[in-house]
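Q: The following block contains the structure, expressed as structure tokens.
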Amino acid sequence: MTSTAARIPLYGPTIDGDAAALYERMRAEHGPVVPVSLAPGLDAWLVVGHRELLHLTRDEQYFSHDPRRWTPLREGRVPRDSPVLPMVGWRPALLYSDGQQHRR
């Protein structure tokens, strides 16, 4: 899978209607990892495979609970008025921490 693959927008009319059918189509077209667009100009990868999701989220080397480590945020590519910011913004809570602090 290359980063130039057609991205599925997860906003607008694409997500209206049958979510199960959308996920089924994404899996059929892209497999367990889907190139998506969270908002105009904000690209990401959506992991829809169960095995792949478990592998990814069980290893802090690959997955951080701290959204400040997300590359688009670090690089300033998420505008302050982005509709995704409330979902990916950091909050001072254990849910958004890593390592021993998260596990306690």
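Residue names in the structure tokens use chain letters A, B, ... in the order shown, residue numbers from 1 in each chain, and ligand numbers from 1 in the order shown.
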Looking only at the backbone, which of the residues in range 15-103 of chain A does DSSP tag as helix (DSSP H, G or I), as a VMD selection string?
A: chain A and resid 15 19 to 30 50 to 57 67 to 69 71 to 74 85 to 88 94 to 96 99 to 103
Q: If we count only C-alpha atoms and set the cut-off at 9 Å, which residues sit around range 9-11 of chain A, ignoring sequence neighbours fewer than 6 positions away in its own chain? Please answer as a PyMOL selection string.
A: chain A and resi 35-40+43
Q: Go ahead and dump the residues you just picked, N, CA, C and O atoms, as a short mmCIF file (atom, residue, chain, number, x, y, z; two decimals), in the first residue's frame.
A:
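This went into part.cif:
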```cif
data_model
loop_
_atom_site.label_atom_id
_atom_site.label_comp_id
_atom_site.auth_asym_id
_atom_site.auth_seq_id
_atom_site.Cartn_x
_atom_site.Cartn_y
_atom_site.Cartn_z
N PRO A 35 -6.32 3.72 3.50
CA PRO A 35 -5.95 5.13 3.41
C PRO A 35 -7.22 5.98 3.48
O PRO A 35 -8.16 5.77 2.73
N VAL A 36 -7.25 6.91 4.44
CA VAL A 36 -8.44 7.73 4.64
C VAL A 36 -8.06 9.21 4.70
O VAL A 36 -6.89 9.56 4.86
N SER A 37 -9.07 10.02 4.60
CA SER A 37 -8.93 11.45 4.81
C SER A 37 -9.88 11.81 5.94
O SER A 37 -11.08 11.56 5.85
N LEU A 38 -9.34 12.36 7.04
CA LEU A 38 -10.16 12.70 8.21
C LEU A 38 -10.93 14.00 8.01
O LEU A 38 -11.99 14.19 8.58
N ALA A 39 -10.35 14.88 7.23
CA ALA A 39 -10.93 16.17 6.89
C ALA A 39 -10.20 16.61 5.63
O ALA A 39 -9.15 16.05 5.29
N PRO A 40 -10.70 17.58 4.93
CA PRO A 40 -9.99 18.01 3.71
C PRO A 40 -8.52 18.34 4.01
O PRO A 40 -8.20 19.11 4.90
N ASP A 43 -4.79 13.62 5.84
CA ASP A 43 -4.77 12.20 5.51
C ASP A 43 -4.26 11.36 6.68
O ASP A 43 -3.47 11.82 7.50
#
```
Q: Enumerate as an NGL selection string all residues of range 7-95 of chain A assigned to strand (DSSP E or B) by DSSP on the backbone, naming them with the chain letters and numbers the document uses.
A: :A and (8-9 or 33-39 or 42-47)
Q: Save the residues we just selected, C-alpha atoms, as an mmCIF file, in the first residue's frame?
A:
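Printed below is result03.cif as written:
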```
data_model
loop_
_atom_site.group_PDB
_atom_site.id
_atom_site.type_symbol
_atom_site.label_atom_id
_atom_site.label_comp_id
_atom_site.auth_asym_id
_atom_site.auth_seq_id
_atom_site.Cartn_x
_atom_site.Cartn_y
_atom_site.Cartn_z
ATOM 1 C CA ILE A 8 -11.645 7.361 1.498
ATOM 2 C CA PRO A 9 -13.065 10.519 3.070
ATOM 3 C CA VAL A 33 -5.239 -0.891 6.589
ATOM 4 C CA VAL A 34 -7.193 1.769 4.713
ATOM 5 C CA PRO A 35 -5.948 5.134 3.407
ATOM 6 C CA VAL A 36 -8.442 7.727 4.636
ATOM 7 C CA SER A 37 -8.928 11.454 4.811
ATOM 8 C CA LEU A 38 -10.157 12.703 8.205
ATOM 9 C CA ALA A 39 -10.927 16.172 6.888
ATOM 10 C CA LEU A 42 -5.758 15.723 6.550
ATOM 11 C CA ASP A 43 -4.767 12.195 5.511
ATOM 12 C CA ALA A 44 -4.351 9.197 7.794
ATOM 13 C CA TRP A 45 -4.429 5.400 7.865
ATOM 14 C CA LEU A 46 -7.371 3.539 9.409
ATOM 15 C CA VAL A 47 -6.636 0.070 10.760
#
```
Q: Could you tell me which of A:His50, A:Leu85, A:Glu60, A:Ser97 comes closest to Arg27 in chain A if we count only C-alpha atoms?
A: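 Closest to Arg27 in chain A, using only C-alpha atoms: A:His50.
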Q: With a distance cut-off of 10 Å and only C-alpha atoms, select the neighbouring residues of Arg69 in chain A, excluding the residue or stretch itself and same-chain residues fewer than 6 positions from it, and output the selection as a PDB file with C-alpha atoms, in the first residue's frame.
A:
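Saved result, out-v9.pdb, follows:
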```pdb
ATOM      1  CA  PHE A  63       1.009   3.281  19.083  1.00  0.00           C
ATOM      2  CA  GLU A  75       4.074  19.233  12.213  1.00  0.00           C
ATOM      3  CA  TRP A  90      -4.526  16.188  24.079  1.00  0.00           C
TER       4      TRP A  90
END
```
Q: Suppose you want the space between CA of Val88 in chain A and CA of Pro67 in chain A; what is it in Å?
A: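 These two atoms are separated by 5.9 Å.
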Q: Any idea what the distance is between CA of Leu56 in chain A and CA of Ala93 in chain A?
A: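 CA of Leu56 in chain A sits 21.7 Å away from CA of Ala93 in chain A.
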Q: Which residue, A:His65, A:Arg80, A:Arg25, A:Arg74, has the smallest gap to Gln100 in chain A when you use only C-alpha atoms?
A: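 Answer, going by the shortest atom-to-atom distance: A:His65.
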Q: Looking at only C-alpha atoms, which of A:Asp66, A:Asp98, A:Glu52, A:Asp18 is the one that sits closest to Gly31 in chain A?
A: A:Glu52
